[in-house]
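Text of data_18.txt, listed as compact mmCIF, C-alpha atoms and all ligand atoms:
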# COMPACT_ATOMS: atom_id res chain seq x y z
CA MET C 1 -28.46 24.98 -9.05
CA PRO C 2 -27.04 22.82 -11.86
CA GLN C 3 -23.25 22.85 -11.68
CA GLN C 4 -20.26 22.55 -13.95
CA VAL C 5 -17.30 20.41 -12.85
CA ARG C 6 -14.05 19.05 -14.32
CA ALA C 7 -14.19 15.40 -15.32
CA VAL C 8 -12.36 12.69 -17.29
CA VAL C 9 -14.22 11.65 -20.46
CA ALA C 10 -13.55 8.92 -23.04
CA LYS C 11 -15.03 10.31 -26.27
CA ALA C 12 -14.18 7.57 -28.75
CA LYS C 13 -12.93 3.99 -28.84
CA GLY C 14 -9.21 3.71 -28.12
CA GLU C 15 -8.69 7.51 -28.02
CA PRO C 16 -6.83 9.05 -25.07
CA VAL C 17 -9.17 10.40 -22.42
CA THR C 18 -9.60 14.16 -22.06
CA ILE C 19 -10.48 16.55 -19.25
CA GLU C 20 -13.81 18.22 -19.91
CA THR C 21 -16.21 20.54 -18.13
CA ILE C 22 -19.46 18.64 -17.67
CA ASP C 23 -22.90 19.65 -16.46
CA ILE C 24 -24.48 18.07 -13.39
CA PRO C 25 -28.17 18.59 -12.64
CA ASP C 26 -29.49 19.09 -9.13
CA PRO C 27 -30.40 15.76 -7.51
CA GLY C 28 -33.93 14.66 -8.32
CA PRO C 29 -36.03 12.23 -6.27
CA ASP C 30 -33.87 9.44 -4.78
CA GLU C 31 -30.67 10.99 -6.18
CA ALA C 32 -27.59 12.51 -4.54
CA VAL C 33 -24.69 14.69 -5.67
CA VAL C 34 -21.41 13.55 -4.14
CA LYS C 35 -18.24 15.63 -3.86
CA ILE C 36 -15.54 13.17 -4.89
CA GLN C 37 -12.44 13.04 -2.70
CA ALA C 38 -10.68 10.03 -4.26
CA CYS C 39 -11.19 7.58 -7.12
CA GLY C 40 -9.00 4.59 -8.02
CA VAL C 41 -8.07 3.70 -11.61
CA CYS C 42 -9.50 0.23 -12.30
CA HIS C 43 -8.79 -1.90 -15.37
CA THR C 44 -12.52 -1.75 -16.14
CA ASP C 45 -12.14 2.00 -16.89
CA LEU C 46 -9.57 1.07 -19.52
CA HIS C 47 -11.95 -1.62 -20.87
CA TYR C 48 -14.57 1.14 -21.31
CA ARG C 49 -12.11 3.42 -23.13
CA GLU C 50 -11.20 0.55 -25.46
CA GLY C 51 -14.86 -0.03 -26.33
CA ALA C 52 -14.69 -3.50 -24.76
CA ILE C 53 -17.76 -3.02 -22.54
CA ASN C 54 -20.17 -1.33 -24.98
CA ASP C 55 -20.29 1.46 -27.58
CA GLU C 56 -22.17 4.04 -25.56
CA PHE C 57 -19.54 6.78 -25.87
CA PRO C 58 -18.89 9.34 -24.47
CA PHE C 59 -18.10 7.68 -21.15
CA LEU C 60 -17.61 9.56 -17.90
CA LEU C 61 -14.96 7.28 -16.40
CA GLY C 62 -14.10 6.41 -12.79
CA HIS C 63 -16.09 4.20 -10.44
CA GLU C 64 -13.89 3.32 -7.41
CA ALA C 65 -14.64 6.32 -5.28
CA ALA C 66 -15.27 7.87 -1.89
CA GLY C 67 -16.51 11.34 -1.06
CA ILE C 68 -18.93 13.53 0.83
CA VAL C 69 -22.66 13.82 0.10
CA GLU C 70 -23.19 17.41 -1.04
CA SER C 71 -26.93 17.44 -1.69
CA VAL C 72 -29.80 14.98 -1.82
CA GLY C 73 -33.09 14.94 -3.71
CA GLU C 74 -36.63 14.48 -2.53
CA GLY C 75 -37.37 11.37 -0.51
CA VAL C 76 -33.75 10.47 0.31
CA THR C 77 -33.47 9.14 3.86
CA SER C 78 -30.59 6.62 3.60
CA VAL C 79 -27.86 9.30 3.56
CA GLU C 80 -27.55 12.91 4.65
CA VAL C 81 -25.59 15.92 3.47
CA GLY C 82 -22.07 15.66 4.93
CA ASP C 83 -21.98 11.85 5.15
CA PHE C 84 -18.69 10.18 4.13
CA VAL C 85 -19.66 7.53 1.58
CA ILE C 86 -18.18 4.90 -0.70
CA LEU C 87 -19.97 4.76 -4.07
CA ASN C 88 -21.26 1.37 -5.14
CA TRP C 89 -22.56 -0.06 -8.40
CA ARG C 90 -25.06 -2.34 -6.68
CA ALA C 91 -27.91 -0.16 -5.35
CA VAL C 92 -30.34 -3.02 -4.81
CA CYS C 93 -33.99 -2.55 -5.79
CA GLY C 94 -35.52 -4.65 -3.00
CA ASP C 95 -38.26 -5.76 -5.34
CA CYS C 96 -36.93 -8.00 -8.14
CA ARG C 97 -37.17 -11.78 -8.06
CA SER C 98 -33.67 -12.11 -6.62
CA CYS C 99 -34.26 -9.50 -3.88
CA ASN C 100 -37.57 -11.17 -3.03
CA ARG C 101 -35.86 -14.54 -2.72
CA GLY C 102 -33.50 -13.09 -0.10
CA LYS C 103 -30.52 -12.73 -2.44
CA PRO C 104 -30.18 -8.95 -2.90
CA GLN C 105 -26.49 -9.39 -3.74
CA LEU C 106 -27.71 -10.85 -7.05
CA CYS C 107 -30.29 -8.04 -7.68
CA PHE C 108 -31.31 -7.92 -11.37
CA ASN C 109 -32.57 -4.34 -11.26
CA THR C 110 -29.96 -2.17 -9.52
CA HIS C 111 -30.55 1.58 -9.43
CA ASN C 112 -28.60 4.40 -11.06
CA ALA C 113 -29.46 8.13 -11.19
CA ALA C 114 -32.49 8.74 -13.42
CA GLN C 115 -31.16 12.07 -14.71
CA LYS C 116 -28.16 12.34 -17.00
CA MET C 117 -24.96 14.29 -16.67
CA THR C 118 -24.05 15.96 -19.98
CA LEU C 119 -21.14 17.30 -22.02
CA ASP C 120 -22.12 20.17 -24.33
CA GLY C 121 -25.70 18.90 -24.20
CA GLN C 122 -24.74 15.30 -25.06
CA GLU C 123 -25.66 12.63 -22.48
CA LEU C 124 -22.70 10.95 -20.80
CA SER C 125 -22.56 7.25 -19.91
CA PRO C 126 -21.06 7.07 -16.42
CA ALA C 127 -18.79 4.02 -15.94
CA LEU C 128 -20.76 1.41 -13.98
CA GLY C 129 -23.42 4.07 -13.40
CA ILE C 130 -21.01 6.12 -11.27
CA GLY C 131 -18.58 8.36 -13.24
CA ALA C 132 -16.31 9.54 -10.44
CA PHE C 133 -13.19 10.87 -12.18
CA ALA C 134 -14.91 14.18 -11.58
CA GLU C 135 -15.03 16.84 -8.91
CA LYS C 136 -18.66 15.85 -8.27
CA THR C 137 -21.01 13.20 -9.61
CA LEU C 138 -24.73 12.46 -9.62
CA VAL C 139 -25.80 9.00 -8.42
CA HIS C 140 -28.82 7.19 -7.04
CA ALA C 141 -28.85 7.63 -3.25
CA GLY C 142 -28.69 3.83 -2.90
CA GLN C 143 -25.26 3.98 -4.55
CA CYS C 144 -23.92 5.82 -1.49
CA THR C 145 -22.80 3.59 1.38
CA LYS C 146 -21.97 5.46 4.57
CA VAL C 147 -18.79 4.30 6.31
CA SER C 148 -16.61 5.56 9.16
CA ALA C 149 -15.13 8.96 8.33
CA ASP C 150 -11.90 7.81 10.05
CA ALA C 151 -10.95 5.98 6.85
CA LYS C 152 -8.75 7.83 4.35
CA PRO C 153 -10.71 8.54 1.12
CA GLU C 154 -7.96 7.13 -1.14
CA VAL C 155 -8.17 3.73 0.52
CA ALA C 156 -11.91 3.72 1.25
CA GLY C 157 -12.73 4.31 -2.44
CA LEU C 158 -10.96 1.09 -3.44
CA ILE C 159 -13.63 -0.91 -1.61
CA GLY C 160 -16.07 0.49 -4.18
CA CYS C 161 -14.82 -1.82 -6.95
CA GLY C 162 -11.56 -3.73 -7.39
CA VAL C 163 -10.76 -4.56 -3.79
CA MET C 164 -14.35 -5.61 -3.09
CA ALA C 165 -14.41 -7.65 -6.31
CA GLY C 166 -11.26 -9.52 -5.32
CA LEU C 167 -12.01 -9.98 -1.61
CA GLY C 168 -15.56 -11.09 -2.43
CA ALA C 169 -14.42 -13.47 -5.19
CA ALA C 170 -12.50 -15.37 -2.51
CA MET C 171 -14.75 -14.89 0.53
CA ASN C 172 -18.26 -14.79 -0.98
CA THR C 173 -18.23 -16.47 -4.41
CA GLY C 174 -15.38 -18.93 -3.84
CA GLU C 175 -16.37 -19.54 -0.20
CA VAL C 176 -12.71 -20.03 0.73
CA GLY C 177 -12.47 -21.56 4.19
CA ARG C 178 -9.93 -22.41 6.86
CA GLY C 179 -7.18 -24.70 5.57
CA ASP C 180 -8.17 -24.39 1.90
CA SER C 181 -5.69 -24.15 -0.96
CA VAL C 182 -6.23 -21.29 -3.38
CA ALA C 183 -4.57 -20.15 -6.63
CA VAL C 184 -5.02 -16.62 -7.94
CA PHE C 185 -4.28 -15.90 -11.62
CA GLY C 186 -3.35 -12.25 -12.19
CA CYS C 187 -1.98 -10.18 -9.33
CA GLY C 188 -3.25 -6.69 -10.07
CA GLY C 189 -5.44 -4.85 -7.58
CA VAL C 190 -8.25 -7.37 -8.01
CA GLY C 191 -6.06 -10.49 -7.78
CA ASP C 192 -4.16 -9.18 -4.76
CA ALA C 193 -7.46 -8.44 -3.05
CA ALA C 194 -8.48 -12.06 -3.73
CA ILE C 195 -5.20 -13.12 -2.10
CA ALA C 196 -5.94 -10.86 0.90
CA GLY C 197 -9.46 -12.32 1.06
CA ALA C 198 -8.17 -15.91 0.98
CA HIS C 199 -5.71 -14.99 3.74
CA LEU C 200 -8.46 -13.41 5.90
CA ALA C 201 -10.64 -16.49 5.35
CA GLY C 202 -7.89 -18.78 6.68
CA ALA C 203 -6.57 -20.46 3.50
CA SER C 204 -3.30 -22.23 4.29
CA THR C 205 -1.87 -22.39 0.76
CA ILE C 206 -2.23 -19.32 -1.45
CA ILE C 207 -0.50 -19.52 -4.84
CA ALA C 208 -0.07 -16.28 -6.80
CA VAL C 209 0.36 -16.51 -10.60
CA ASP C 210 1.44 -13.57 -12.79
CA LEU C 211 3.81 -12.81 -15.67
CA ASP C 212 5.54 -10.05 -13.75
CA ASP C 213 7.99 -10.79 -10.92
CA LYS C 214 7.34 -7.41 -9.29
CA LYS C 215 3.63 -8.24 -9.08
CA LEU C 216 4.53 -11.59 -7.53
CA GLU C 217 6.64 -9.87 -4.87
CA TRP C 218 3.72 -7.58 -4.03
CA ALA C 219 1.38 -10.60 -3.93
CA LYS C 220 3.46 -12.07 -1.10
CA GLU C 221 2.81 -8.92 0.95
CA PHE C 222 -0.92 -9.64 0.73
CA GLY C 223 -0.53 -13.22 1.93
CA ALA C 224 0.61 -15.39 -1.02
CA THR C 225 2.51 -18.38 0.33
CA HIS C 226 3.89 -19.39 -3.11
CA THR C 227 4.40 -17.59 -6.42
CA ILE C 228 4.59 -18.79 -10.02
CA ASN C 229 5.78 -16.76 -12.97
CA ALA C 230 3.42 -17.93 -15.73
CA GLY C 231 6.05 -17.11 -18.35
CA SER C 232 8.35 -19.89 -17.17
CA GLY C 233 7.13 -23.47 -17.18
CA ASP C 234 3.88 -25.34 -16.83
CA VAL C 235 1.61 -23.42 -14.45
CA VAL C 236 -0.89 -26.23 -13.89
CA ALA C 237 1.82 -28.82 -13.16
CA THR C 238 3.56 -26.45 -10.74
CA ILE C 239 0.30 -25.82 -8.85
CA GLN C 240 -0.27 -29.59 -8.65
CA GLU C 241 3.26 -30.08 -7.28
CA LEU C 242 2.62 -27.44 -4.62
CA THR C 243 -0.59 -29.20 -3.53
CA ASP C 244 0.56 -32.83 -3.18
CA GLY C 245 -0.48 -33.57 -6.76
CA ASN C 246 -4.09 -32.55 -6.15
CA GLY C 247 -4.64 -29.03 -7.41
CA VAL C 248 -6.28 -26.24 -5.43
CA ASP C 249 -9.68 -26.10 -3.76
CA VAL C 250 -10.43 -22.70 -5.26
CA ALA C 251 -8.89 -21.23 -8.46
CA ILE C 252 -9.57 -17.54 -9.02
CA GLU C 253 -9.09 -16.01 -12.48
CA ALA C 254 -8.43 -12.25 -12.17
CA VAL C 255 -7.09 -11.46 -15.66
CA GLY C 256 -9.98 -12.04 -18.06
CA LEU C 257 -8.30 -14.26 -20.70
CA PRO C 258 -9.24 -17.69 -22.09
CA GLN C 259 -5.77 -19.11 -21.42
CA THR C 260 -5.75 -18.14 -17.74
CA TYR C 261 -9.32 -19.42 -17.37
CA GLU C 262 -8.20 -22.75 -18.81
CA GLN C 263 -5.26 -22.87 -16.41
CA ALA C 264 -7.60 -22.14 -13.50
CA PHE C 265 -9.96 -24.87 -14.73
CA TYR C 266 -7.23 -27.53 -14.77
CA ALA C 267 -5.33 -26.27 -11.70
CA ARG C 268 -8.18 -27.01 -9.29
CA ASP C 269 -8.64 -30.26 -7.44
CA LEU C 270 -11.51 -32.61 -8.27
CA ALA C 271 -14.74 -31.05 -7.00
CA GLY C 272 -12.95 -27.72 -6.64
CA THR C 273 -14.29 -24.31 -7.59
CA VAL C 274 -13.27 -21.95 -10.39
CA VAL C 275 -14.16 -18.29 -9.94
CA LEU C 276 -13.98 -15.96 -12.95
CA VAL C 277 -13.60 -12.36 -11.81
CA GLY C 278 -11.51 -11.00 -14.74
CA VAL C 279 -13.66 -9.39 -17.45
CA PRO C 280 -13.21 -10.96 -20.92
CA ASN C 281 -13.68 -9.08 -24.21
CA PRO C 282 -16.91 -9.96 -26.06
CA GLU C 283 -14.93 -11.76 -28.83
CA MET C 284 -13.21 -14.19 -26.47
CA LYS C 285 -14.20 -17.86 -26.58
CA ILE C 286 -13.16 -20.92 -24.63
CA GLU C 287 -13.26 -24.55 -25.72
CA LEU C 288 -13.09 -27.32 -23.11
CA PRO C 289 -13.74 -31.05 -23.40
CA LEU C 290 -17.24 -31.43 -21.95
CA ILE C 291 -16.14 -34.67 -20.35
CA ASP C 292 -13.63 -32.66 -18.26
CA VAL C 293 -16.33 -30.22 -17.17
CA PHE C 294 -18.42 -33.19 -16.10
CA GLY C 295 -15.71 -35.53 -14.87
CA ARG C 296 -13.93 -33.08 -12.60
CA GLY C 297 -17.12 -32.14 -10.77
CA GLY C 298 -17.18 -29.05 -8.59
CA SER C 299 -18.41 -25.70 -9.75
CA LEU C 300 -17.60 -23.02 -12.29
CA LYS C 301 -18.68 -19.63 -11.00
CA SER C 302 -18.48 -16.03 -12.13
CA SER C 303 -18.16 -13.25 -9.62
CA TRP C 304 -19.69 -9.85 -10.23
CA TYR C 305 -18.48 -7.33 -7.68
CA GLY C 306 -17.47 -10.17 -5.38
CA ASP C 307 -21.16 -11.02 -4.84
CA CYS C 308 -21.12 -8.20 -2.33
CA LEU C 309 -23.93 -6.44 -0.57
CA PRO C 310 -22.52 -2.92 -0.13
CA SER C 311 -24.60 -2.08 2.97
CA ARG C 312 -23.37 -5.26 4.68
CA ASP C 313 -19.80 -5.53 3.36
CA PHE C 314 -18.39 -1.98 2.99
CA PRO C 315 -18.69 -0.90 6.66
CA MET C 316 -17.37 -4.30 7.78
CA LEU C 317 -14.29 -4.06 5.53
CA ILE C 318 -13.63 -0.48 6.63
CA ASP C 319 -13.78 -1.69 10.26
CA LEU C 320 -11.25 -4.45 9.50
CA TYR C 321 -8.99 -1.84 7.86
CA LEU C 322 -9.28 0.56 10.82
CA GLN C 323 -8.45 -2.33 13.19
CA GLY C 324 -5.29 -3.06 11.19
CA ARG C 325 -6.51 -6.44 9.94
CA LEU C 326 -6.88 -5.51 6.25
CA ASP C 327 -4.03 -3.52 4.75
CA LEU C 328 -5.86 -1.37 2.22
CA GLU C 329 -3.05 1.20 2.08
CA ARG C 330 -0.80 -1.36 0.41
CA PHE C 331 -3.02 -1.24 -2.70
CA VAL C 332 -2.28 2.46 -3.28
CA THR C 333 0.87 2.66 -5.41
CA GLU C 334 0.50 6.39 -6.12
CA THR C 335 -1.91 9.27 -5.74
CA ILE C 336 -2.46 11.42 -8.83
CA SER C 337 -4.66 14.27 -10.10
CA LEU C 338 -7.56 14.15 -12.57
CA ASP C 339 -5.16 15.25 -15.33
CA ASP C 340 -3.05 12.09 -14.89
CA VAL C 341 -5.64 9.37 -15.65
CA GLU C 342 -4.44 8.71 -19.22
CA GLU C 343 -0.88 8.29 -17.95
CA ALA C 344 -2.17 6.00 -15.19
CA PHE C 345 -3.69 3.74 -17.88
CA HIS C 346 -0.26 3.43 -19.50
CA LYS C 347 1.33 2.62 -16.14
CA MET C 348 -1.34 -0.02 -15.58
CA GLU C 349 -0.66 -1.58 -18.98
CA ALA C 350 3.07 -1.54 -18.27
CA GLY C 351 2.41 -3.28 -14.92
CA GLU C 352 4.00 -0.47 -12.92
CA VAL C 353 1.14 0.07 -10.48
CA LEU C 354 -1.36 -1.81 -8.36
CA ARG C 355 -3.62 1.18 -8.02
CA SER C 356 -3.18 4.78 -9.07
CA VAL C 357 -5.71 6.79 -7.10
CA VAL C 358 -6.98 10.20 -8.18
CA VAL C 359 -7.18 12.51 -5.17
CA ILE C 360 -9.23 15.69 -5.53
N1 LIG C 401 -15.87 -9.08 -11.81
C1 LIG C 401 -15.82 -7.88 -11.29
O1 LIG C 401 -16.74 -7.46 -10.58
C2 LIG C 401 -14.63 -7.01 -11.55
C3 LIG C 401 -14.43 -5.81 -10.84
C4 LIG C 401 -13.26 -5.05 -11.09
C5 LIG C 401 -12.36 -5.48 -12.05
N2 LIG C 401 -12.59 -6.62 -12.74
C6 LIG C 401 -11.65 -7.14 -13.75
O2 LIG C 401 -10.61 -7.84 -13.11
C7 LIG C 401 -9.47 -7.88 -13.97
C8 LIG C 401 -8.23 -7.43 -13.21
O3 LIG C 401 -8.36 -6.05 -12.86
P1 LIG C 401 -7.12 -5.27 -12.23
O4 LIG C 401 -7.59 -3.88 -12.00
O5 LIG C 401 -6.50 -6.06 -11.14
O6 LIG C 401 -6.14 -5.27 -13.52
P2 LIG C 401 -4.54 -5.16 -13.61
O7 LIG C 401 -4.23 -4.84 -15.02
O8 LIG C 401 -4.02 -4.28 -12.53
O9 LIG C 401 -4.03 -6.65 -13.26
C9 LIG C 401 -4.02 -7.71 -14.17
C10 LIG C 401 -2.82 -8.60 -13.83
O10 LIG C 401 -2.85 -9.76 -14.66
C11 LIG C 401 -1.52 -10.08 -15.04
N3 LIG C 401 -1.55 -10.92 -16.24
C12 LIG C 401 -1.78 -10.54 -17.53
N4 LIG C 401 -1.73 -11.61 -18.35
C13 LIG C 401 -1.47 -12.70 -17.56
C14 LIG C 401 -1.30 -14.09 -17.80
N5 LIG C 401 -1.40 -14.59 -19.04
N6 LIG C 401 -1.06 -14.90 -16.74
C15 LIG C 401 -0.97 -14.39 -15.48
N7 LIG C 401 -1.12 -13.08 -15.19
C16 LIG C 401 -1.36 -12.26 -16.22
C17 LIG C 401 -0.87 -8.73 -15.23
O11 LIG C 401 0.55 -8.82 -15.16
C18 LIG C 401 -1.46 -7.92 -14.07
O12 LIG C 401 -0.67 -8.01 -12.90
C19 LIG C 401 -9.83 -6.97 -15.16
O13 LIG C 401 -10.29 -7.80 -16.21
C20 LIG C 401 -10.95 -6.11 -14.61
O14 LIG C 401 -11.79 -5.62 -15.62
C21 LIG C 401 -13.69 -7.40 -12.50
ZN ZN C 402 -33.53 -6.39 -6.81
ZN ZN C 403 -13.64 -1.49 -11.29
Take the structure in the file and write it out as structure tokens.
Ligand SMILES: NC(=O)c1ccc[n+]([C@@H]2O[C@H](COP(=O)([O-])OP(=O)(O)OC[C@H]3O[C@@H](n4cnc5c(N)ncnc54)[C@H](O)[C@@H]3O)[C@@H](O)[C@H]2O)c1
Ligand SMILES: [Zn+2]
Ligand SMILES: [Zn+2]
Amino acid sequence: MPQQVRAVVAKAKGEPVTIETIDIPDPGPDEAVVKIQACGVCHTDLHYREGAINDEFPFLLGHEAAGIVESVGEGVTSVEVGDFVILNWRAVCGDCRSCNRGKPQLCFNTHNAAQKMTLDGQELSPALGIGAFAEKTLVHAGQCTKVSADAKPEVAGLIGCGVMAGLGAAMNTGEVGRGDSVAVFGCGGVGDAAIAGAHLAGASTIIAVDLDDKKLEWAKEFGATHTINAGSGDVVATIQELTDGNGVDVAIEAVGLPQTYEQAFYARDLAGTVVLVGVPNPEMKIELPLIDVFGRGGSLKSSWYGDCLPSRDFPMLIDLYLQGRLDLERFVTETISLDDVEEAFHKMEAGEVLRSVVVI
């Protein structure tokens, strides 16, 4: 039977989000309805509310979630009712050019639910095809990745976006290796996950850059060996000083601003790698001398979702967490209810939290 559930909706650009009662259809072929247990507040939700992603309002926000499969549609064999799953926004098709070339993590044709959830008859746009600030949500079954039910929902859900994006930016896209030097610009949930990823990968110098001293203190807890407050002094020169005048092997931008991208570009060593994981607004532009792009060599990469493959990476990261080797609990600053998402956005903007996590 179609159901009605409480959910957080962004109705118009820049307007505060509201709690609404939305309609969820029964799962059709290849779809699943998931009872949400926890969903983290990611900066990308705020980007949606601000109209910075696209104009397809109303948005059903929330996309960093874990929960229990409540029902599945025809033909679903990958998950069963009762499975504990993390929702992903990379349900690979298995059939596009990228999948066929053995690179499903770059799939061009990822799946979302075919049916729409609605508000008073109007179709909702679920954030990243998920929409999990809701008691239940409808997704494509491929968006459900089963993991060990021993993991707490409020930490497991974080793997579904920001933590995976940051860890993967370091470990997959940036290919950080043993003994490397790494700088991370922006120490929110995503940047701190990049720091944790660099630490897990064996980097020996990990430089955290932020404007907020509290964020820099937290960054140390994830493995930063040095910190720089970007508001005081020349960031690039300081990074060079900390790396024998060379710059870092891998510079990870986790803010989404031209000025931090430019700092990352110049803070890396010759032949180093820049990884852009922060999401810029569509109006943002960057101007760089082409001779510097050429002359410094190396590679300029962008990282979507940490180039992850959910079926490969989510269970592995949950195992590392359960073994005590990846401190996911440290990302959770507070647990909140669905009614507190708007306030959580303000706390995020004020830099008071790493992750507020809605628990249902
Ligand atoms: N590429 C992906 O797949 C992906 C996935 C999730 C999130 N994101 C993006 O990653 C970015 C970070 O997300 P988050 O949830 O960690 O956000 P956040 O707001 O929690 O963290 C951003 C951090 O950047 C710092 N900062 C702001 N301006 C700065 C500056 N000029 N120099 C240094 N630090 C500065 C802030 O103090 C804050 O600590 C966002 O743009 C988000 O949309 C990307
Ligand atoms: Zn594909
Ligand atoms: Zn996100």
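If you look at CA of Asp30 (chain C) and CA of Gln115 (chain C), they are 10.6 Å away from each other.
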What are the centre and the three edge lengths of an axis-aligned box that wraps all atoms of ligand LIG 401 (chain C) in the file, given that 8 Å is added to every side, written as lines of an AutoDock Vina configuration file and rounded to one decimal in Å?
center_x = -8.1
center_y = -9.4
center_z = -14.8
size_x = 33.3
size_y = 27.0
size_z = 24.5
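Of the residues listed (C:Leu87, C:Ala134, C:Ile19, C:Val81), C:Ala134 shows the shortest atom-to-atom separation from Val5 (chain C); distances use only C-alpha atoms.
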Any residue with an atom at most 8 Å from ligand ZN 403 (chain C) counts, using only C-alpha atoms and all ligand atoms. Which are they? Put them as an NGL selection string. :C and (41-45 or 63-64 or 160-162 or 165)
Who sits within 9 Å of Pro16 (chain C), all atoms listed in the file, same chain under 6 positions skipped, as a list in words: Ala10, Arg49 and Glu342 of chain C
Which residues come within 10 Å of Leu309 (chain C), counting all atoms listed in the file, excluding same-chain residues fewer than 5 positions away, as a VMD selection string? chain C and resid 88 90 to 92 103 to 107 164 168 314
Let me see if you get this right: every residue at most 8 Å from ligand ZN 402 (chain C), counting all atoms listed in the file, written as a PyMOL selection string. chain C and resi 92-100+104+106-110
Counting only C-alpha atoms, what is within 12 Å of Gln3 (chain C), bar same-chain residues fewer than 2 positions away, as a ChimeraX atom specification? /C:1,5-6,21-27,33,35,70-71,117-119,135-138
Compute the set of protein, DNA and RNA residues whose minimum atom distance to ligand LIG 401 (chain C) is at most 6 Å, using all atoms listed in the file, and state it as a PyMOL selection string. chain C and resi 42-44+161-162+165+185-191+209-212+215+230+254-256+260+277-279+303-306+348+351+354
Written file, previous selection with C-alpha atoms, as an mmCIF file, in the coordinates of the input:
data_model
loop_
_atom_site.group_PDB
_atom_site.id
_atom_site.type_symbol
_atom_site.label_atom_id
_atom_site.label_comp_id
_atom_site.auth_asym_id
_atom_site.auth_seq_id
_atom_site.Cartn_x
_atom_site.Cartn_y
_atom_site.Cartn_z
ATOM 1 C CA CYS C 42 -9.500 0.230 -12.300
ATOM 2 C CA HIS C 43 -8.790 -1.900 -15.370
ATOM 3 C CA THR C 44 -12.520 -1.750 -16.140
ATOM 4 C CA CYS C 161 -14.820 -1.820 -6.950
ATOM 5 C CA GLY C 162 -11.560 -3.730 -7.390
ATOM 6 C CA ALA C 165 -14.410 -7.650 -6.310
ATOM 7 C CA PHE C 185 -4.280 -15.900 -11.620
ATOM 8 C CA GLY C 186 -3.350 -12.250 -12.190
ATOM 9 C CA CYS C 187 -1.980 -10.180 -9.330
ATOM 10 C CA GLY C 188 -3.250 -6.690 -10.070
ATOM 11 C CA GLY C 189 -5.440 -4.850 -7.580
ATOM 12 C CA VAL C 190 -8.250 -7.370 -8.010
ATOM 13 C CA GLY C 191 -6.060 -10.490 -7.780
ATOM 14 C CA VAL C 209 0.360 -16.510 -10.600
ATOM 15 C CA ASP C 210 1.440 -13.570 -12.790
ATOM 16 C CA LEU C 211 3.810 -12.810 -15.670
ATOM 17 C CA ASP C 212 5.540 -10.050 -13.750
ATOM 18 C CA LYS C 215 3.630 -8.240 -9.080
ATOM 19 C CA ALA C 230 3.420 -17.930 -15.730
ATOM 20 C CA ALA C 254 -8.430 -12.250 -12.170
ATOM 21 C CA VAL C 255 -7.090 -11.460 -15.660
ATOM 22 C CA GLY C 256 -9.980 -12.040 -18.060
ATOM 23 C CA THR C 260 -5.750 -18.140 -17.740
ATOM 24 C CA VAL C 277 -13.600 -12.360 -11.810
ATOM 25 C CA GLY C 278 -11.510 -11.000 -14.740
ATOM 26 C CA VAL C 279 -13.660 -9.390 -17.450
ATOM 27 C CA SER C 303 -18.160 -13.250 -9.620
ATOM 28 C CA TRP C 304 -19.690 -9.850 -10.230
ATOM 29 C CA TYR C 305 -18.480 -7.330 -7.680
ATOM 30 C CA GLY C 306 -17.470 -10.170 -5.380
ATOM 31 C CA MET C 348 -1.340 -0.020 -15.580
ATOM 32 C CA GLY C 351 2.410 -3.280 -14.920
ATOM 33 C CA LEU C 354 -1.360 -1.810 -8.360
#
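Those residues that approach Gly298 (chain C) to within 6 Å, counting all atoms listed in the file, are Ala271, Gly272 and Thr273 of chain C; same-chain residues fewer than 5 positions away are not listed.
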Every residue with an atom at most 10 Å from (-23.5, 3.2, 0.1) (file coordinates; all atoms listed in the file) is what I'm after, so could you write them as a ChimeraX atom specification? /C:66,78-79,84-91,140-147,160,309-312,314-315
Go ahead and write the selection's residues with C-alpha atoms as a short mmCIF file (atom, residue, chain, number, x, y, z; two decimals), in the frame of the given file.
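Below you can see again-v7.cif, which holds the result:
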data_model
loop_
_atom_site.label_atom_id
_atom_site.label_comp_id
_atom_site.auth_asym_id
_atom_site.auth_seq_id
_atom_site.Cartn_x
_atom_site.Cartn_y
_atom_site.Cartn_z
CA ALA C 66 -15.27 7.87 -1.89
CA SER C 78 -30.59 6.62 3.60
CA VAL C 79 -27.86 9.30 3.56
CA PHE C 84 -18.69 10.18 4.13
CA VAL C 85 -19.66 7.53 1.58
CA ILE C 86 -18.18 4.90 -0.70
CA LEU C 87 -19.97 4.76 -4.07
CA ASN C 88 -21.26 1.37 -5.14
CA TRP C 89 -22.56 -0.06 -8.40
CA ARG C 90 -25.06 -2.34 -6.68
CA ALA C 91 -27.91 -0.16 -5.35
CA HIS C 140 -28.82 7.19 -7.04
CA ALA C 141 -28.85 7.63 -3.25
CA GLY C 142 -28.69 3.83 -2.90
CA GLN C 143 -25.26 3.98 -4.55
CA CYS C 144 -23.92 5.82 -1.49
CA THR C 145 -22.80 3.59 1.38
CA LYS C 146 -21.97 5.46 4.57
CA VAL C 147 -18.79 4.30 6.31
CA GLY C 160 -16.07 0.49 -4.18
CA LEU C 309 -23.93 -6.44 -0.57
CA PRO C 310 -22.52 -2.92 -0.13
CA SER C 311 -24.60 -2.08 2.97
CA ARG C 312 -23.37 -5.26 4.68
CA PHE C 314 -18.39 -1.98 2.99
CA PRO C 315 -18.69 -0.90 6.66
#
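Using all atoms listed in the file, the nearest neighbour of Pro58 (chain C) within the list C:Val235, C:Cys39, C:Val72, C:Val8 is C:Val8.
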Please indicate the distance in Å from CA of Gly295 (chain C) to CA of Leu276 (chain C), rounded to one decimal place. 19.7 Å
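If you measure from each of C:Gly82, C:Gly28, C:Pro126, C:Gly177 to Val69 (chain C) using only C-alpha atoms, the closest one turns out to be C:Gly82.
Minimum atom-to-atom distance to Ala32 (chain C), evaluated using only C-alpha atoms, belongs to C:Asn112 out of C:Asn54, C:Thr173, C:Asn112, C:Gln4.
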